[in-house]
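Let me begin by presenting the structure, written as structure tokens, before commenting on it.
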Amino acid sequence: MKTETETLAGETPGIAYELVVHRLEGSDASAPRVYIQAALHADERPGPAALHYLIPELVRAEAEGRLLGSLTLVPQANPIGAAQHLFSQHMGRFSTGNRINFNRDFPIPDETGLRRLDAPSAAVFADRRLKSRLLALADDHPIVLDLHCDDEGVQYLYIPDRLWPEMEDLAACLDAEAVVLWNAGSDCAFEEAAFAQMVAQARGGDLKGHCCTTVELRGQLDVDPATARKDADGLYRFLVMRGVIADDGATPAELRADFVAKPIANVEMIKAPVGGTILYHVVPGDRVAAGQLVAEVVARPGEPGGAAQVHAPQPGYVLTRRARRFIRMGDDLLKLVADQPSPSARIGALED
Ligand SMILES: [Zn+2]
């Protein structure tokens with residue numbers, strides 16, 4: 001494995017960021033090339049934890065001559081967000097310099113297939129240059145995995161519907177509980193931009209063998225050795241099944257019997273009707289009936305009518321909920337993968 005530390009200039013004198021990039025060279029030029037990044041939202045740490053266990057396995061495969069495909073790994077893809085703390089609170093999702101989500105506004109190809117990336121010396125903010133660099137690193141890799149997590153949630157994936165069900169093997173190897181399939185924009189998240197480039201380079205042709213996804217490795221607090229090891233093992237198994245690593249010991253995986261696969265239009269973003277303290281009556285992974293009580297939001301503790309009840313608008317599967325138990329009126333309270341499309345479904349990312 002070769003490790004390179006790239007430097008990203010900050011916007012002001014004396015400030016620079018370091019981006020660590022690992023490259024492993026496979027022995028078979030026809031084997032798939034794989035790009036994996038983690039912690040683009042810098043406060044989402046299950047990805048780096050999984051890579052902590054996966055990388056030594058890849059290094060061993062390379063040393064033993066079992067690495068067929070080449071890999072590019074960026075285990076901590078956002079040094080800008082990693083450094084952002086305000087009054088002791090880490091703020092890893094948005095650039096505090098310009099309020100832009102670190103996983104939105106990636107450059108995508110225009111209708112002629114041309115994509116304009118910002119050069120390392122371009123006179124734009126560092127987060128924009130970082131986005132261009134990450135996309136350039138991911139180029140020419142038919143397998144692109146962007147490791148994220150939710151607030152609190154099951155393990156689930158966002159996948160372009162054109163790559164489903166071919167990508168079932170990844171969901172099965174990871175033992176994921178659900179997949180959300182998209183076919184329109186997601187406000188130019190990394191996954192959308194990387195996939196758009198794959199499509200442009202395939203010139204509308206065959207996407208067989210391609211894989212592009214945002215993997216939500218459960219919730220922000222689901223970071224522990226056993227979980228990280230399980231995720232690393234799942235990723236390793238997937239890489240063996242795709243012919244990136246040779247390992248006779250690995251076997252194909254099956255999707256969970258209760259696996260949920262639905263279009264993104266079926267996701268109900270249930271909002272808090274009032275501000276206050278959240279009392280959830282369901283946990284991620286629960287199936288709920290229409291009208292079932294999913295949460296109360298306590299605005300005035302102990303007073304008659306002091307809590308607003310929130311019910312499931314239709315039957316479905318509880319995908320995620322908030323990690324913190326204080327919420328504002330209008331904030332997202334819960335993601336429900338409903339059986340039918342949500343009346344409030346719209347094109348774009350589910351969240352800011
Ligand atoms: Zn994220």
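The way I read the labels, and the way they are meant: chains A, B, ... in the order of the structure tokens, residue 1 as the first residue of every chain, and ligand 1 as the first ligand shown, with later ones counted on from there.
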Could you give me, as CSV, every chain A residue with an atom at most 10 Å from ligand 1, plus its closest atom pair and distance in Å to one decimal, counting only C-alpha atoms and all ligand atoms, rows ordered by chain then number?
```
residue,atom,partner,partner_atom_place_in_ligand_line,distance
A:Ala38,CA,ligand 1,1 (Zn),9.1
A:Ala39,CA,ligand 1,1 (Zn),7.4
A:Leu40,CA,ligand 1,1 (Zn),6.7
A:His41,CA,ligand 1,1 (Zn),4.8
A:Ala42,CA,ligand 1,1 (Zn),8.1
A:Asp43,CA,ligand 1,1 (Zn),8.2
A:Glu44,CA,ligand 1,1 (Zn),6.4
A:Arg45,CA,ligand 1,1 (Zn),9.7
A:Gly92,CA,ligand 1,1 (Zn),9.2
A:Arg93,CA,ligand 1,1 (Zn),7.2
A:Asn101,CA,ligand 1,1 (Zn),9.5
A:Phe102,CA,ligand 1,1 (Zn),8.6
A:Asn103,CA,ligand 1,1 (Zn),7.0
A:Asp146,CA,ligand 1,1 (Zn),8.9
A:Leu147,CA,ligand 1,1 (Zn),7.7
A:His148,CA,ligand 1,1 (Zn),4.4
A:Cys149,CA,ligand 1,1 (Zn),5.5
A:Asp150,CA,ligand 1,1 (Zn),6.4
A:Asp151,CA,ligand 1,1 (Zn),9.1
A:Ala189,CA,ligand 1,1 (Zn),9.7
A:Thr214,CA,ligand 1,1 (Zn),8.2
A:Val215,CA,ligand 1,1 (Zn),8.8
A:Glu216,CA,ligand 1,1 (Zn),7.4
A:Leu217,CA,ligand 1,1 (Zn),9.6
A:Gln220,CA,ligand 1,1 (Zn),9.5
```
Exercise for the section: Could you give me, as a VMD selection string, the residues within 6 Å of segment 152-167 of chain A, counting only C-alpha atoms and dropping anything in the same chain fewer than 3 positions from it? Expected result: chain A and resid 170 176 to 183 213 to 219 284 319 to 323
Practice task
Extract the full set of helix (DSSP H, G or I) residues from segment 65-306 of chain A according to DSSP on the backbone, and format it as JSON, numbers by chain.
Solution key: {"A": [79, 80, 81, 82, 126, 127, 128, 129, 130, 131, 132, 133, 134, 135, 136, 137, 138, 161, 162, 163, 168, 169, 170, 171, 172, 173, 174, 190, 191, 192, 193, 194, 195, 196, 197, 198, 199, 200, 201, 225, 226, 227, 228, 229, 230, 231, 232, 233, 234, 235, 236, 237, 238, 239, 240, 241, 264, 265, 266]}
Exercise for the section: Compile the contact shell of Gln309 of chain A as an MDAnalysis selection string: residues with an atom at most 12 Å away, counting only C-alpha atoms, same-chain residues fewer than 2 positions apart removed. Expected result: chainID A and resid 270:281 291:299 305:307 311:312 333
Which residues are close to Val318 of chain A, i.e. within 6 Å by only C-alpha atoms, leaving aside same-chain residues fewer than 5 positions away? Reply as a tab-separated table (two decimals) with all heavy atoms, in the first residue's frame.
```tsv
chain	number	residue	atom	x	y	z
A	284	PRO	N	-35.69	2.35	15.29
A	284	PRO	CA	-35.37	1.98	13.90
A	284	PRO	C	-35.43	0.47	13.73
A	284	PRO	O	-34.97	-0.29	14.58
A	284	PRO	CB	-33.93	2.51	13.73
A	284	PRO	CG	-33.85	3.67	14.68
A	284	PRO	CD	-34.67	3.24	15.87
A	285	GLY	N	-36.04	0.06	12.62
A	285	GLY	CA	-36.23	-1.36	12.35
A	285	GLY	C	-37.64	-1.84	12.64
A	285	GLY	O	-38.04	-2.92	12.21
A	286	ASP	N	-38.42	-1.04	13.39
A	286	ASP	CA	-39.81	-1.43	13.68
A	286	ASP	C	-40.67	-1.32	12.43
A	286	ASP	O	-40.50	-0.39	11.63
A	286	ASP	CB	-40.42	-0.50	14.75
A	286	ASP	CG	-39.99	-0.87	16.16
A	286	ASP	OD1	-39.31	-1.89	16.32
A	286	ASP	OD2	-40.35	-0.12	17.10
A	336	LEU	N	-39.62	7.33	7.76
A	336	LEU	CA	-40.42	6.11	7.64
A	336	LEU	C	-40.40	5.68	6.18
A	336	LEU	O	-40.77	6.47	5.30
A	336	LEU	CB	-41.85	6.40	8.10
A	336	LEU	CG	-42.82	5.23	8.07
A	336	LEU	CD1	-42.56	4.29	9.25
A	336	LEU	CD2	-44.28	5.73	8.13
```
Could you give me, as a tab-separated table (two decimals) with N, CA and C atoms, in the first residue's frame, the residues within 12 Å of Leu114 of chain A, counting only C-alpha atoms and dropping anything in the same chain fewer than 2 positions from it?
```tsv
chain	number	residue	atom	x	y	z
A	107	PRO	N	-19.67	18.95	-8.42
A	107	PRO	CA	-19.84	19.21	-9.85
A	107	PRO	C	-20.24	17.95	-10.61
A	108	ILE	N	-21.24	18.08	-11.45
A	108	ILE	CA	-21.69	16.94	-12.25
A	108	ILE	C	-21.56	17.29	-13.73
A	109	PRO	N	-21.46	16.29	-14.60
A	109	PRO	CA	-21.33	16.57	-16.03
A	109	PRO	C	-22.57	17.29	-16.57
A	110	ASP	N	-22.36	18.19	-17.53
A	110	ASP	CA	-23.51	18.84	-18.16
A	110	ASP	C	-24.10	17.91	-19.23
A	111	GLU	N	-25.06	18.43	-19.98
A	111	GLU	CA	-25.76	17.55	-20.92
A	111	GLU	C	-24.84	17.03	-22.04
A	112	THR	N	-23.70	17.70	-22.24
A	112	THR	CA	-22.75	17.19	-23.25
A	112	THR	C	-21.75	16.22	-22.63
A	116	ARG	N	-16.80	20.18	-15.06
A	116	ARG	CA	-15.78	21.19	-14.73
A	116	ARG	C	-15.38	21.05	-13.27
A	117	LEU	N	-14.18	20.55	-13.06
A	117	LEU	CA	-13.65	20.45	-11.71
A	117	LEU	C	-12.80	21.68	-11.40
A	196	ALA	N	-23.09	10.07	-12.00
A	196	ALA	CA	-23.27	10.81	-13.25
A	196	ALA	C	-22.03	10.71	-14.13
A	197	GLN	N	-20.87	10.75	-13.50
A	197	GLN	CA	-19.63	10.61	-14.25
A	197	GLN	C	-19.48	9.19	-14.82
A	199	VAL	N	-21.93	7.26	-15.68
A	199	VAL	CA	-22.88	7.18	-16.79
A	199	VAL	C	-22.32	7.91	-18.01
A	200	ALA	N	-21.74	9.10	-17.77
A	200	ALA	CA	-21.18	9.87	-18.89
A	200	ALA	C	-20.05	9.10	-19.56
A	201	GLN	N	-19.21	8.44	-18.75
A	201	GLN	CA	-18.08	7.72	-19.32
A	201	GLN	C	-18.53	6.43	-20.01
A	203	ARG	N	-21.05	6.39	-21.69
A	203	ARG	CA	-21.76	6.95	-22.84
A	203	ARG	C	-23.14	6.29	-23.02
```
For the interface of segment 48-79 of chain A with segment 1-20 of chain A (cut-off 8 Å, counting only C-alpha atoms), please tabulate each contacting residue of segment 48-79 of chain A alongside its nearest pair of atoms and their separation in Å to one decimal, rows sorted by chain and increasing number, as CSV.
```
residue,atom,partner,partner_atom,distance
A:Val59,CA,A:Met1,CA,6.3
A:Glu62,CA,A:Met1,CA,7.7
A:Val74,CA,A:Val20,CA,6.2
A:Pro75,CA,A:Val20,CA,7.5
A:Gln76,CA,A:Val20,CA,7.3
A:Ala77,CA,A:Leu19,CA,6.8
A:Asn78,CA,A:Leu19,CA,7.6
A:Pro79,CA,A:Tyr17,CA,6.0
```
Keeping only N, CA, C and O atoms, write the selected residues as a short mmCIF file (atom, residue, chain, number, x, y, z; two decimals), in the first residue's frame.
```cif
data_model
loop_
_atom_site.label_atom_id
_atom_site.label_comp_id
_atom_site.auth_asym_id
_atom_site.auth_seq_id
_atom_site.Cartn_x
_atom_site.Cartn_y
_atom_site.Cartn_z
N VAL A 59 -4.12 -4.90 2.98
CA VAL A 59 -2.65 -4.91 2.93
C VAL A 59 -2.13 -6.35 2.94
O VAL A 59 -1.21 -6.71 2.19
N GLU A 62 -2.72 -7.91 -0.42
CA GLU A 62 -1.72 -7.41 -1.37
C GLU A 62 -0.38 -8.12 -1.17
O GLU A 62 0.26 -8.57 -2.13
N VAL A 74 -9.80 6.74 0.87
CA VAL A 74 -9.67 8.02 1.58
C VAL A 74 -10.46 7.88 2.88
O VAL A 74 -11.65 8.17 2.95
N PRO A 75 -9.80 7.40 3.93
CA PRO A 75 -10.54 7.05 5.15
C PRO A 75 -11.12 8.24 5.90
O PRO A 75 -12.07 8.09 6.66
N GLN A 76 -10.54 9.42 5.69
CA GLN A 76 -11.08 10.63 6.34
C GLN A 76 -11.12 11.71 5.27
O GLN A 76 -10.16 12.46 5.09
N ALA A 77 -12.27 11.74 4.58
CA ALA A 77 -12.36 12.50 3.33
C ALA A 77 -12.56 14.00 3.54
O ALA A 77 -12.62 14.74 2.57
N ASN A 78 -12.69 14.42 4.79
CA ASN A 78 -13.04 15.83 5.00
C ASN A 78 -12.26 16.47 6.15
O ASN A 78 -12.81 16.67 7.25
N PRO A 79 -11.01 16.80 5.92
CA PRO A 79 -10.23 17.42 7.00
C PRO A 79 -10.74 18.81 7.36
O PRO A 79 -10.51 19.27 8.49
#
```
Handout entry: Atom pair atom CA of Asp258 of chain A / atom CA of Arg346 of chain A: separation (Å)
Key =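 Separating atom CA of Asp258 of chain A from atom CA of Arg346 of chain A is a distance of 26.8 Å.
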Problem - Exercise: Leu71 of chain A partners within 6 Å, only C-alpha atoms, chain neighbours under 2 positions left out, as a list in words - result: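 After dropping sequence-adjacent residues, the list is Arg23, Leu24, Arg33, Val34 and Tyr35 of chain A.
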Exercise for the section: Could you jot down the atom CA of Phe190 of chain A to atom CA of Ala246 of chain A separation for me, Å, one decimal place? Expected result: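 Rounded to one decimal, the two atoms are 29.3 Å apart.
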Fill in the blank from the handout: As a check of understanding: the span from atom CA of Ala184 of chain A to atom CA of Ala349 of chain A is 9.5 Å
